[in-house]
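*Asks:* So I've got this file, work_16.pdb, and it contains PDB, C-alpha atoms:
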```pdb
MODEL        1
ATOM      1  CA  MET A   1      20.931  16.153 -12.037
ATOM      2  CA  GLU A   2      19.879  18.961  -9.715
ATOM      3  CA  PHE A   3      17.837  16.482  -7.659
ATOM      4  CA  TRP A   4      20.727  14.055  -7.222
ATOM      5  CA  SER A   5      23.031  16.886  -6.218
ATOM      6  CA  ALA A   6      20.444  17.890  -3.619
ATOM      7  CA  VAL A   7      20.226  14.266  -2.388
ATOM      8  CA  ALA A   8      23.968  14.294  -1.698
ATOM      9  CA  GLU A   9      23.616  17.586   0.163
ATOM     10  CA  HIS A  10      20.361  17.251   2.159
ATOM     11  CA  PRO A  11      19.721  14.401   4.645
ATOM     12  CA  PHE A  12      15.913  14.722   4.421
ATOM     13  CA  LEU A  13      16.027  13.839   0.718
ATOM     14  CA  ARG A  14      18.130  10.768   1.456
ATOM     15  CA  LEU A  15      15.598   9.715   4.092
ATOM     16  CA  ALA A  16      12.741  10.246   1.629
ATOM     17  CA  LEU A  17      14.507   8.220  -1.054
ATOM     18  CA  GLY A  18      15.301   5.394   1.377
ATOM     19  CA  ALA A  19      11.740   5.250   2.691
ATOM     20  CA  GLY A  20      10.341   5.184  -0.838
ATOM     21  CA  LEU A  21      12.652   2.378  -1.940
ATOM     22  CA  LEU A  22      11.859   0.277   1.132
ATOM     23  CA  ALA A  23       8.112   0.740   0.671
ATOM     24  CA  SER A  24       8.419  -0.185  -3.018
ATOM     25  CA  ILE A  25       9.722  -3.653  -2.191
ATOM     26  CA  ALA A  26       6.828  -4.625   0.078
ATOM     27  CA  CYS A  27       4.365  -2.949  -2.271
ATOM     28  CA  GLY A  28       5.515  -5.035  -5.241
ATOM     29  CA  VAL A  29       5.297  -8.294  -3.282
ATOM     30  CA  VAL A  30       2.009  -7.824  -1.421
ATOM     31  CA  GLY A  31       0.390  -5.814  -4.203
ATOM     32  CA  THR A  32       0.724  -8.889  -6.417
ATOM     33  CA  TYR A  33      -1.355 -10.931  -3.977
ATOM     34  CA  VAL A  34      -3.878  -8.096  -3.586
ATOM     35  CA  VAL A  35      -4.451  -7.824  -7.341
ATOM     36  CA  ALA A  36      -4.545 -11.608  -7.840
ATOM     37  CA  ARG A  37      -7.061 -12.111  -5.003
ATOM     38  CA  ARG A  38      -8.986  -8.921  -5.900
ATOM     39  CA  LEU A  39      -8.630  -7.385  -2.465
ATOM     40  CA  SER A  40      -8.308  -3.769  -3.602
ATOM     41  CA  TYR A  41     -11.544  -2.619  -1.968
ATOM     42  CA  MET A  42     -10.615  -4.427   1.245
ATOM     43  CA  ALA A  43      -7.199  -2.748   1.219
ATOM     44  CA  GLY A  44      -8.964   0.582   0.715
ATOM     45  CA  GLY A  45     -11.084  -0.013   3.809
ATOM     46  CA  ILE A  46      -7.994  -0.816   5.880
ATOM     47  CA  ALA A  47      -6.183   2.237   4.500
ATOM     48  CA  HIS A  48      -8.884   4.663   5.546
ATOM     49  CA  ALA A  49      -9.520   2.957   8.891
ATOM     50  CA  ILE A  50      -5.968   3.661  10.063
ATOM     51  CA  LEU A  51      -6.770   7.359  10.416
ATOM     52  CA  GLY A  52      -8.357   6.407  13.750
ATOM     53  CA  GLY A  53      -5.089   4.876  14.970
ATOM     54  CA  MET A  54      -3.066   7.838  13.774
ATOM     55  CA  GLY A  55      -5.391  10.271  15.505
ATOM     56  CA  ALA A  56      -5.288   8.232  18.739
ATOM     57  CA  ALA A  57      -1.475   8.098  18.675
ATOM     58  CA  ARG A  58      -1.278  11.844  18.116
ATOM     59  CA  TYR A  59      -3.743  12.456  20.965
ATOM     60  CA  LEU A  60      -1.753  10.264  23.364
ATOM     61  CA  GLN A  61       1.461  11.955  22.286
ATOM     62  CA  VAL A  62       0.260  15.528  22.776
ATOM     63  CA  VAL A  63      -2.302  15.255  25.594
ATOM     64  CA  CYS A  64      -0.997  12.297  27.611
ATOM     65  CA  GLY A  65       2.713  12.939  27.127
ATOM     66  CA  TYR A  66       3.679   9.677  25.398
ATOM     67  CA  ASP A  67       6.429  11.312  23.361
ATOM     68  CA  TRP A  68       7.741   8.030  21.960
ATOM     69  CA  LEU A  69       4.489   7.457  20.052
ATOM     70  CA  THR A  70       4.236   8.520  16.411
ATOM     71  CA  PRO A  71       1.275   8.427  14.005
ATOM     72  CA  LEU A  72       2.893   5.451  12.240
ATOM     73  CA  HIS A  73       2.729   3.424  15.457
ATOM     74  CA  GLY A  74      -0.992   4.119  15.706
ATOM     75  CA  ALA A  75      -1.431   3.363  12.002
ATOM     76  CA  THR A  76       0.229  -0.039  12.403
ATOM     77  CA  VAL A  77      -2.006  -1.066  15.318
ATOM     78  CA  ALA A  78      -5.178   0.228  13.625
ATOM     79  CA  ALA A  79      -4.338  -1.457  10.306
ATOM     80  CA  LEU A  80      -3.789  -4.851  11.921
ATOM     81  CA  LEU A  81      -6.947  -4.455  14.016
ATOM     82  CA  ALA A  82      -9.010  -3.549  10.943
ATOM     83  CA  ALA A  83      -7.602  -6.536   9.007
ATOM     84  CA  ILE A  84      -8.413  -8.932  11.866
ATOM     85  CA  VAL A  85     -11.961  -7.577  12.268
ATOM     86  CA  ILE A  86     -12.668  -7.851   8.534
ATOM     87  CA  GLY A  87     -11.177 -11.333   8.321
ATOM     88  CA  LEU A  88     -12.974 -12.738  11.366
ATOM     89  CA  ILE A  89     -16.417 -11.327  10.581
ATOM     90  CA  ALA A  90     -16.232 -12.258   6.892
ATOM     91  CA  GLY A  91     -14.967 -15.767   7.640
ATOM     92  CA  ARG A  92     -17.080 -16.751  10.630
ATOM     93  CA  CYS A  93     -20.220 -14.648  10.591
ATOM     94  CA  ARG A  94     -20.952 -14.996   6.875
ATOM     95  CA  GLU A  95     -21.548 -11.267   6.647
ATOM     96  CA  ARG A  96     -21.204  -9.521   3.291
ATOM     97  CA  GLU A  97     -17.616  -8.332   2.884
ATOM     98  CA  ASP A  98     -18.582  -4.978   1.392
ATOM     99  CA  THR A  99     -20.766  -4.206   4.441
ATOM    100  CA  ILE A 100     -17.960  -5.030   6.878
ATOM    101  CA  ILE A 101     -15.404  -3.032   4.915
ATOM    102  CA  SER A 102     -17.703  -0.023   4.711
ATOM    103  CA  ALA A 103     -18.313  -0.168   8.472
ATOM    104  CA  VAL A 104     -14.600  -0.431   9.320
ATOM    105  CA  TRP A 105     -13.819   2.327   6.803
ATOM    106  CA  ALA A 106     -16.409   4.714   8.284
ATOM    107  CA  VAL A 107     -15.691   3.991  11.959
ATOM    108  CA  GLY A 108     -11.938   4.382  11.470
ATOM    109  CA  MET A 109     -12.256   7.680   9.640
ATOM    110  CA  ALA A 110     -14.823   9.058  12.103
ATOM    111  CA  SER A 111     -12.776   8.145  15.184
ATOM    112  CA  GLY A 112      -9.689   9.692  13.578
ATOM    113  CA  VAL A 113     -11.530  12.958  12.971
ATOM    114  CA  LEU A 114     -12.724  13.002  16.592
ATOM    115  CA  PHE A 115      -9.235  12.388  17.982
ATOM    116  CA  ILE A 116      -7.824  15.151  15.765
ATOM    117  CA  ALA A 117     -10.573  17.513  16.928
ATOM    118  CA  ARG A 118      -9.740  16.860  20.594
ATOM    119  CA  THR A 119      -5.985  17.239  20.117
ATOM    120  CA  PRO A 120      -4.574  20.755  20.685
ATOM    121  CA  GLY A 121      -2.979  22.287  17.604
ATOM    122  CA  TYR A 122      -3.754  22.027  13.932
ATOM    123  CA  GLY A 123      -2.701  18.427  13.285
ATOM    124  CA  VAL A 124      -0.622  19.441  10.261
ATOM    125  CA  ASP A 125       1.442  16.256  10.431
ATOM    126  CA  LEU A 126      -1.705  14.125  10.172
ATOM    127  CA  MET A 127      -2.863  16.103   7.135
ATOM    128  CA  GLY A 128       0.464  15.184   5.572
ATOM    129  CA  TYR A 129      -0.359  11.511   6.068
ATOM    130  CA  LEU A 130      -3.681  11.993   4.288
ATOM    131  CA  PHE A 131      -2.056  13.177   1.071
ATOM    132  CA  GLY A 132       1.513  11.941   1.476
ATOM    133  CA  ASN A 133       4.534  13.905   2.616
ATOM    134  CA  LEU A 134       7.575  11.783   1.863
ATOM    135  CA  LEU A 135       9.956  14.696   2.337
ATOM    136  CA  MET A 136       8.988  14.924   6.032
ATOM    137  CA  VAL A 137       9.952  11.337   6.911
ATOM    138  CA  SER A 138      12.023  11.118  10.103
ATOM    139  CA  PRO A 139      14.844   8.649  10.885
ATOM    140  CA  ALA A 140      12.506   6.902  13.347
ATOM    141  CA  ASP A 141       9.907   6.513  10.576
ATOM    142  CA  VAL A 142      12.512   4.998   8.250
ATOM    143  CA  GLY A 143      13.501   2.539  10.984
ATOM    144  CA  LEU A 144       9.874   1.474  11.449
ATOM    145  CA  ILE A 145       9.399   1.206   7.670
ATOM    146  CA  ALA A 146      12.497  -1.005   7.393
ATOM    147  CA  THR A 147      11.236  -3.273  10.187
ATOM    148  CA  LEU A 148       7.787  -3.622   8.627
ATOM    149  CA  ASP A 149       9.391  -4.217   5.226
ATOM    150  CA  VAL A 150      11.437  -7.146   6.539
ATOM    151  CA  ILE A 151       8.358  -8.666   8.222
ATOM    152  CA  VAL A 152       6.127  -8.275   5.156
ATOM    153  CA  VAL A 153       8.601  -9.589   2.590
ATOM    154  CA  GLY A 154       9.819 -12.394   4.860
ATOM    155  CA  LEU A 155       6.326 -13.750   5.590
ATOM    156  CA  SER A 156       5.205 -13.300   1.985
ATOM    157  CA  LEU A 157       8.098 -15.347   0.614
ATOM    158  CA  LEU A 158       8.010 -17.911   3.436
ATOM    159  CA  HIS A 159       4.358 -18.743   2.694
ATOM    160  CA  TYR A 160       4.541 -18.158  -1.067
ATOM    161  CA  ARG A 161       3.001 -21.475  -2.160
ATOM    162  CA  GLN A 162       0.142 -21.333   0.342
ATOM    163  CA  LEU A 163      -0.740 -17.737  -0.532
ATOM    164  CA  LEU A 164      -0.528 -18.596  -4.229
ATOM    165  CA  ALA A 165      -3.041 -21.420  -3.731
ATOM    166  CA  VAL A 166      -5.413 -19.214  -1.719
ATOM    167  CA  CYS A 167      -5.281 -16.435  -4.329
ATOM    168  CA  PHE A 168      -5.944 -18.549  -7.409
ATOM    169  CA  ASP A 169      -7.934 -21.614  -6.300
ATOM    170  CA  GLU A 170      -9.419 -21.372  -2.830
ATOM    171  CA  GLU A 171     -11.565 -24.507  -3.175
ATOM    172  CA  PHE A 172      -8.626 -26.626  -4.322
ATOM    173  CA  ALA A 173      -6.525 -25.316  -1.436
ATOM    174  CA  ARG A 174      -9.280 -26.251   1.013
ATOM    175  CA  LEU A 175      -9.556 -29.752  -0.460
ATOM    176  CA  ARG A 176      -5.804 -30.201  -0.046
ATOM    177  CA  GLY A 177      -6.186 -29.535   3.683
ATOM    178  CA  LEU A 178      -4.897 -25.965   3.674
ATOM    179  CA  ASN A 179      -6.275 -23.686   6.385
ATOM    180  CA  VAL A 180      -7.676 -21.127   3.956
ATOM    181  CA  GLN A 181      -9.079 -18.806   6.624
ATOM    182  CA  ALA A 182      -5.737 -18.617   8.447
ATOM    183  CA  TYR A 183      -3.839 -17.763   5.283
ATOM    184  CA  MET A 184      -6.471 -15.235   4.270
ATOM    185  CA  MET A 185      -5.991 -13.605   7.658
ATOM    186  CA  LEU A 186      -2.227 -13.612   7.084
ATOM    187  CA  LEU A 187      -2.723 -11.998   3.672
ATOM    188  CA  LEU A 188      -4.981  -9.316   5.152
ATOM    189  CA  CYS A 189      -2.426  -8.538   7.873
ATOM    190  CA  LEU A 190       0.377  -8.323   5.294
ATOM    191  CA  THR A 191      -1.813  -5.988   3.237
ATOM    192  CA  ALA A 192      -2.444  -3.879   6.335
ATOM    193  CA  LEU A 193       1.284  -3.516   7.061
ATOM    194  CA  THR A 194       1.986  -2.646   3.416
ATOM    195  CA  VAL A 195      -0.702   0.043   3.535
ATOM    196  CA  VAL A 196       1.096   1.552   6.540
ATOM    197  CA  LEU A 197       4.349   1.571   4.544
ATOM    198  CA  LEU A 198       2.723   3.313   1.583
ATOM    199  CA  VAL A 199       1.009   5.946   3.737
ATOM    200  CA  THR A 200       4.380   7.678   4.101
ATOM    201  CA  VAL A 201       4.861   7.705   0.326
ATOM    202  CA  VAL A 202       1.487   8.739  -1.136
ATOM    203  CA  GLY A 203      -0.855   9.143   1.840
ATOM    204  CA  LEU A 204      -4.143   7.479   2.772
ATOM    205  CA  ILE A 205      -6.104   8.897  -0.153
ATOM    206  CA  LEU A 206      -3.828   7.565  -2.909
ATOM    207  CA  VAL A 207      -2.469   4.408  -1.293
ATOM    208  CA  ILE A 208      -4.581   1.958  -3.313
ATOM    209  CA  ALA A 209      -3.350   3.388  -6.608
ATOM    210  CA  LEU A 210       0.292   2.657  -5.824
ATOM    211  CA  LEU A 211      -0.592  -0.739  -4.351
ATOM    212  CA  THR A 212      -2.396  -1.920  -7.496
ATOM    213  CA  LEU A 213      -1.440   0.058 -10.623
ATOM    214  CA  PRO A 214       2.262  -0.917 -10.886
ATOM    215  CA  VAL A 215       1.420  -4.586 -10.251
ATOM    216  CA  ALA A 216      -1.442  -4.478 -12.768
ATOM    217  CA  THR A 217       1.004  -3.010 -15.279
ATOM    218  CA  ALA A 218       3.543  -5.724 -14.458
ATOM    219  CA  GLY A 219       0.838  -8.330 -15.076
ATOM    220  CA  ARG A 220       0.722  -7.176 -18.702
ATOM    221  CA  ILE A 221       4.382  -7.976 -19.297
ATOM    222  CA  ALA A 222       5.024 -10.951 -16.965
ATOM    223  CA  ARG A 223       3.638 -14.471 -16.925
ATOM    224  CA  SER A 224       4.100 -16.125 -13.535
ATOM    225  CA  LEU A 225       3.303 -14.675 -10.136
ATOM    226  CA  TRP A 226       6.940 -14.369  -9.058
ATOM    227  CA  GLN A 227       7.751 -12.537 -12.306
ATOM    228  CA  VAL A 228       4.905 -10.110 -11.597
ATOM    229  CA  MET A 229       6.358  -9.547  -8.123
ATOM    230  CA  LEU A 230       9.828  -8.740  -9.440
ATOM    231  CA  ALA A 231       8.452  -6.506 -12.199
ATOM    232  CA  GLY A 232       6.126  -4.813  -9.698
ATOM    233  CA  ILE A 233       9.040  -4.061  -7.353
ATOM    234  CA  GLY A 234      11.056  -2.633 -10.242
ATOM    235  CA  LEU A 235       8.186  -0.470 -11.484
ATOM    236  CA  ASN A 236       7.441   0.785  -7.973
ATOM    237  CA  ILE A 237      11.061   1.809  -7.504
ATOM    238  CA  ILE A 238      11.074   3.621 -10.853
ATOM    239  CA  LEU A 239       7.806   5.389 -10.060
ATOM    240  CA  VAL A 240       8.805   6.478  -6.543
ATOM    241  CA  VAL A 241      12.168   7.817  -7.711
ATOM    242  CA  SER A 242      10.550   9.524 -10.722
ATOM    243  CA  GLY A 243       7.870  11.046  -8.493
ATOM    244  CA  LEU A 244      10.525  12.458  -6.167
ATOM    245  CA  VAL A 245      12.595  13.832  -9.050
ATOM    246  CA  VAL A 246       9.671  15.405 -10.913
ATOM    247  CA  GLY A 247       8.099  16.697  -7.702
ATOM    248  CA  TYR A 248      11.373  18.265  -6.590
ATOM    249  CA  GLU A 249      12.112  19.874  -9.956
ATOM    250  CA  ALA A 250       8.553  21.147 -10.549
ATOM    251  CA  ASN A 251       7.772  21.953  -6.884
ATOM    252  CA  LEU A 252       4.866  19.459  -6.823
ATOM    253  CA  PRO A 253       3.727  16.958  -4.150
ATOM    254  CA  ALA A 254       5.793  13.816  -4.618
ATOM    255  CA  GLY A 255       2.972  11.426  -3.686
ATOM    256  CA  ALA A 256       0.400  12.778  -6.137
ATOM    257  CA  THR A 257       3.060  12.991  -8.862
ATOM    258  CA  THR A 258       4.002   9.344  -8.290
ATOM    259  CA  VAL A 259       0.398   8.189  -8.580
ATOM    260  CA  LEU A 260      -0.171  10.212 -11.772
ATOM    261  CA  LEU A 261       2.921   8.629 -13.303
ATOM    262  CA  ALA A 262       1.636   5.181 -12.264
ATOM    263  CA  GLY A 263      -1.751   5.888 -13.833
ATOM    264  CA  ALA A 264      -0.194   7.157 -17.061
ATOM    265  CA  MET A 265       2.050   4.092 -17.272
ATOM    266  CA  TYR A 266      -0.865   1.714 -16.696
ATOM    267  CA  LEU A 267      -3.031   3.413 -19.332
ATOM    268  CA  ALA A 268      -0.177   3.401 -21.846
ATOM    269  CA  VAL A 269       0.620  -0.287 -21.370
ATOM    270  CA  THR A 270      -3.066  -1.244 -21.419
ATOM    271  CA  GLY A 271      -3.627   0.811 -24.579
ATOM    272  CA  VAL A 272      -0.698  -0.803 -26.367
ATOM    273  CA  ALA A 273      -1.917  -4.264 -25.341
ATOM    274  CA  ALA A 274      -5.421  -3.492 -26.646
ATOM    275  CA  VAL A 275      -4.070  -2.269 -29.995
ATOM    276  CA  ARG A 276      -1.866  -5.343 -30.370
ATOM    277  CA  HIS A 277      -4.786  -7.625 -29.549
ATOM    278  CA  ARG A 278      -7.002  -5.901 -32.113
ATOM    279  CA  LEU A 279      -4.320  -6.104 -34.803
ATOM    280  CA  ALA A 280      -3.724  -9.787 -34.066
ATOM    281  CA  HIS A 281      -7.467 -10.437 -34.251
ATOM    282  CA  ARG A 282      -7.688  -8.725 -37.649
ATOM    283  CA  LEU A 283      -4.730 -10.715 -38.964
ATOM    284  CA  VAL A 284      -6.377 -13.967 -37.881
ATOM    285  CA  ARG A 285      -9.662 -12.972 -39.531
ATOM    286  CA  GLY A 286      -7.806 -11.957 -42.681
ATOM    287  CA  GLN A 287      -6.144 -15.348 -42.928
TER     288      GLN A 287
ENDMDL
END
```
Produce structure tokens that represent the structure in this file.

*Replies:*
Amino acid sequence: MEFWSAVAEHPFLRLALGAGLLASIACGVVGTYVVARRLSYMAGGIAHAILGGMGAARYLQVVCGYDWLTPLHGATVAALLAAIVIGLIAGRCREREDTIISAVWAVGMASGVLFIARTPGYGVDLMGYLFGNLLMVSPADVGLIATLDVIVVGLSLLHYRQLLAVCFDEEFARLRGLNVQAYMMLLLCLTALTVVLLVTVVGLILVIALLTLPVATAGRIARSLWQVMLAGIGLNIILVVSGLVVGYEANLPAGATTVLLAGAMYLAVTGVAAVRHRLAHRLVRGQ
């Protein structure tokens, strides 16, 4: 109750709660596609590549005087660029995906470090984006998160059937005349925008955990893809709110606390499912 009293009193907590709830919606929707299509490693490459865009935005803001720029603007541009590069090279050049992802991952991180090194000051705000600092979200950040959320959810639902076909049966989708490469590119761009949303919640380092663990947990209790989406959104909301509450009460980082709760929930649900499967198998053998 102390946390909710503080939410009513402090605007920064209301901003943090709003940003977390908005990010949870996109995370539940796009995370379902990511888990179904097994794009977790690709999403990880995009997540780490955006450090270059954040560093460039910070450099332009401090050195060149572009005060309207924020690290989230740079992250958005870098994420989309990384998604397009990965999609084009993997689709047209027949290059191994893991090689492309590793290259984008390394180049993005290295360029980000260089931009940070050339920017006057300590870059404390960028360090917050590495590990998540939801309590430092600004009203402008919440506005950008809301805009990206509408774009991600709108496109995901508008092209639901096509993305479903690409995720589960790519060859069948191609035989039906679906432009598989175009929809894969769309899925990568949606994943990139969702990664940007989650950076504010848990940071670059932990973003993949929150993108995949709640949806993987939802997959244990739901049957169809749309049910997994709804359950994933609900679990993400519960986890983000719980992470904020526990982090506030125990004076712990909200992002890391949220991911630990997600991991504990996934392990618990997976363990229960394994025990039930073993018991059912023994009953069948006994009969």

*Asks:* I'd like the contact shell of Ala49 in chain A - 10 Å cut-off, all atoms listed in the file, skipping same-chain residues fewer than 3 positions apart - returned as a PyMOL selection string.

*Replies:* chain A and resi 43-46+52-54+75+78-79+81-83+101-112+204

*Asks:* What residues come out when you apply the PyMOL selection byres ((chain A and resi 139-141) around 9) to this file, written as a short mmCIF file (atom, residue, chain, number, x, y, z; two decimals) with C-alpha atoms, keeping the file's coordinate frame?

*Replies:*
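Full text of out_13.cif as output:
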```cif
data_model
loop_
_atom_site.label_atom_id
_atom_site.label_comp_id
_atom_site.auth_asym_id
_atom_site.auth_seq_id
_atom_site.Cartn_x
_atom_site.Cartn_y
_atom_site.Cartn_z
CA PHE A 12 15.91 14.72 4.42
CA LEU A 15 15.60 9.72 4.09
CA ALA A 19 11.74 5.25 2.69
CA THR A 70 4.24 8.52 16.41
CA LEU A 72 2.89 5.45 12.24
CA VAL A 137 9.95 11.34 6.91
CA SER A 138 12.02 11.12 10.10
CA VAL A 142 12.51 5.00 8.25
CA GLY A 143 13.50 2.54 10.98
CA LEU A 144 9.87 1.47 11.45
CA ILE A 145 9.40 1.21 7.67
CA ALA A 146 12.50 -1.00 7.39
CA THR A 200 4.38 7.68 4.10
#
```

*Asks:* Would you pick out the contacts of range 166-181 of chain A at 8 Å or less, using all atoms listed in the file, so that residues sharing its chain but fewer than 3 positions from it are not included, and give the list as JSON, numbers by chain?

*Replies:* {"A": [33, 36, 37, 87, 91, 162, 163, 184, 185]}

*Asks:* Once you count all atoms listed in the file, which residues end up no further than 9 Å from (-0.4, -1.7, -13.8) in the file's frame, shown as a ChimeraX atom specification?

*Replies:* /A:212-220,232,235,262-263,265-267,269-270

*Asks:* Which residues match the PyMOL selection byres ((chain A and resi 132) around 6) in the file above, as JSON, numbers by chain?

*Replies:* {"A": [128, 129, 130, 131, 133, 200, 201, 202, 203, 255]}

*Asks:* Gly31 in chain A: which residues within 12 Å, counting only C-alpha atoms, same-chain residues fewer than 4 positions away excluded, as a PyMOL selection string?

*Replies:* chain A and resi 23-27+35-40+43+152-153+156+187-188+190-195+198+207-219+225-226+228-233+235-236

*Asks:* For range 128-139 of chain A, take all atoms listed in the file, fit an axis-aligned box around them, add 5 Å to each of the six sides, then output centre and edge lengths in Å rounded to one decimal, as lines of an AutoDock Vina configuration file.

*Replies:*
```
center_x = 5.6
center_y = 11.9
center_z = 6.0
size_x = 28.5
size_y = 16.5
size_z = 19.8
```

*Asks:* I'd like to know which of A:Gly20, A:Gly65, A:Pro11, A:Gly28 is closest to Gly234 in chain A, using all atoms listed in the file.

*Replies:*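 Answer, going by the shortest atom-to-atom distance: A:Gly28.
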
*Asks:* Using only C-alpha atoms - which residues lie no farther than 6 Å from the point (-17.1, -6.1, 9.7) in the file's frame? Write them as a list in words.

*Replies:*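 Residues found, by chain and rising number: Val85, Ile86, Ile89, Ile100 and Ile101 of chain A.
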
*Asks:* Excluding Val62 in chain A and its own-chain neighbours fewer than 3 positions away, which residues fall within 12 Å of it when counting only C-alpha atoms? Please give them as a PyMOL selection string.

*Replies:* chain A and resi 55-59+65-71+115-116+118-123

*Asks:* Some atoms are absent from range 157-179 of chain A, so rebuild N, CA and C atoms and return them as a PDB file, in the frame of the given file.

*Replies:*
```pdb
ATOM      1  N   LEU A 157       7.280 -14.353   1.321  1.00  0.00           N
ATOM      2  CA  LEU A 157       8.098 -15.347   0.614  1.00  0.00           C
ATOM      3  C   LEU A 157       8.090 -16.693   1.336  1.00  0.00           C
ATOM      4  N   LEU A 158       8.023 -16.665   2.663  1.00  0.00           N
ATOM      5  CA  LEU A 158       8.010 -17.911   3.436  1.00  0.00           C
ATOM      6  C   LEU A 158       6.762 -18.737   3.137  1.00  0.00           C
ATOM      7  N   HIS A 159       5.629 -18.060   2.956  1.00  0.00           N
ATOM      8  CA  HIS A 159       4.358 -18.743   2.694  1.00  0.00           C
ATOM      9  C   HIS A 159       3.908 -18.528   1.242  1.00  0.00           C
ATOM     10  N   TYR A 160       4.844 -18.469   0.331  1.00  0.00           N
ATOM     11  CA  TYR A 160       4.541 -18.158  -1.067  1.00  0.00           C
ATOM     12  C   TYR A 160       3.561 -19.165  -1.677  1.00  0.00           C
ATOM     13  N   ARG A 161       3.840 -20.455  -1.529  1.00  0.00           N
ATOM     14  CA  ARG A 161       3.001 -21.475  -2.160  1.00  0.00           C
ATOM     15  C   ARG A 161       1.587 -21.477  -1.583  1.00  0.00           C
ATOM     16  N   GLN A 162       1.467 -21.335  -0.279  1.00  0.00           N
ATOM     17  CA  GLN A 162       0.142 -21.333   0.342  1.00  0.00           C
ATOM     18  C   GLN A 162      -0.667 -20.118  -0.091  1.00  0.00           C
ATOM     19  N   LEU A 163      -0.034 -18.946  -0.107  1.00  0.00           N
ATOM     20  CA  LEU A 163      -0.740 -17.737  -0.532  1.00  0.00           C
ATOM     21  C   LEU A 163      -1.104 -17.805  -2.012  1.00  0.00           C
ATOM     22  N   LEU A 164      -0.233 -18.416  -2.808  1.00  0.00           N
ATOM     23  CA  LEU A 164      -0.528 -18.596  -4.229  1.00  0.00           C
ATOM     24  C   LEU A 164      -1.779 -19.452  -4.405  1.00  0.00           C
ATOM     25  N   ALA A 165      -1.878 -20.546  -3.643  1.00  0.00           N
ATOM     26  CA  ALA A 165      -3.041 -21.420  -3.731  1.00  0.00           C
ATOM     27  C   ALA A 165      -4.311 -20.703  -3.300  1.00  0.00           C
ATOM     28  N   VAL A 166      -4.236 -19.928  -2.220  1.00  0.00           N
ATOM     29  CA  VAL A 166      -5.413 -19.214  -1.719  1.00  0.00           C
ATOM     30  C   VAL A 166      -5.869 -18.154  -2.714  1.00  0.00           C
ATOM     31  N   CYS A 167      -4.936 -17.511  -3.392  1.00  0.00           N
ATOM     32  CA  CYS A 167      -5.281 -16.435  -4.329  1.00  0.00           C
ATOM     33  C   CYS A 167      -5.943 -16.961  -5.596  1.00  0.00           C
ATOM     34  N   PHE A 168      -5.492 -18.106  -6.091  1.00  0.00           N
ATOM     35  CA  PHE A 168      -5.944 -18.549  -7.409  1.00  0.00           C
ATOM     36  C   PHE A 168      -6.977 -19.671  -7.367  1.00  0.00           C
ATOM     37  N   ASP A 169      -6.969 -20.507  -6.346  1.00  0.00           N
ATOM     38  CA  ASP A 169      -7.934 -21.614  -6.300  1.00  0.00           C
ATOM     39  C   ASP A 169      -8.218 -21.962  -4.848  1.00  0.00           C
ATOM     40  N   GLU A 170      -9.121 -21.205  -4.249  1.00  0.00           N
ATOM     41  CA  GLU A 170      -9.419 -21.372  -2.830  1.00  0.00           C
ATOM     42  C   GLU A 170     -10.032 -22.730  -2.535  1.00  0.00           C
ATOM     43  N   GLU A 171     -10.921 -23.220  -3.402  1.00  0.00           N
ATOM     44  CA  GLU A 171     -11.565 -24.507  -3.175  1.00  0.00           C
ATOM     45  C   GLU A 171     -10.561 -25.646  -3.243  1.00  0.00           C
ATOM     46  N   PHE A 172      -9.653 -25.594  -4.203  1.00  0.00           N
ATOM     47  CA  PHE A 172      -8.626 -26.626  -4.322  1.00  0.00           C
ATOM     48  C   PHE A 172      -7.722 -26.629  -3.091  1.00  0.00           C
ATOM     49  N   ALA A 173      -7.365 -25.416  -2.628  1.00  0.00           N
ATOM     50  CA  ALA A 173      -6.525 -25.316  -1.436  1.00  0.00           C
ATOM     51  C   ALA A 173      -7.216 -25.913  -0.232  1.00  0.00           C
ATOM     52  N   ARG A 174      -8.533 -25.696  -0.115  1.00  0.00           N
ATOM     53  CA  ARG A 174      -9.280 -26.251   1.013  1.00  0.00           C
ATOM     54  C   ARG A 174      -9.345 -27.773   0.930  1.00  0.00           C
ATOM     55  N   LEU A 175      -9.516 -28.304  -0.285  1.00  0.00           N
ATOM     56  CA  LEU A 175      -9.556 -29.752  -0.460  1.00  0.00           C
ATOM     57  C   LEU A 175      -8.214 -30.405  -0.146  1.00  0.00           C
ATOM     58  N   ARG A 176      -7.135 -29.676  -0.354  1.00  0.00           N
ATOM     59  CA  ARG A 176      -5.804 -30.201  -0.046  1.00  0.00           C
ATOM     60  C   ARG A 176      -5.458 -30.092   1.437  1.00  0.00           C
ATOM     61  N   GLY A 177      -6.398 -29.622   2.249  1.00  0.00           N
ATOM     62  CA  GLY A 177      -6.186 -29.535   3.683  1.00  0.00           C
ATOM     63  C   GLY A 177      -5.570 -28.245   4.164  1.00  0.00           C
ATOM     64  N   LEU A 178      -5.493 -27.249   3.294  1.00  0.00           N
ATOM     65  CA  LEU A 178      -4.897 -25.965   3.674  1.00  0.00           C
ATOM     66  C   LEU A 178      -5.907 -25.155   4.490  1.00  0.00           C
ATOM     67  N   ASN A 179      -5.423 -24.541   5.555  1.00  0.00           N
ATOM     68  CA  ASN A 179      -6.275 -23.686   6.385  1.00  0.00           C
ATOM     69  C   ASN A 179      -6.455 -22.346   5.667  1.00  0.00           C
TER      70      ASN A 179
END
```
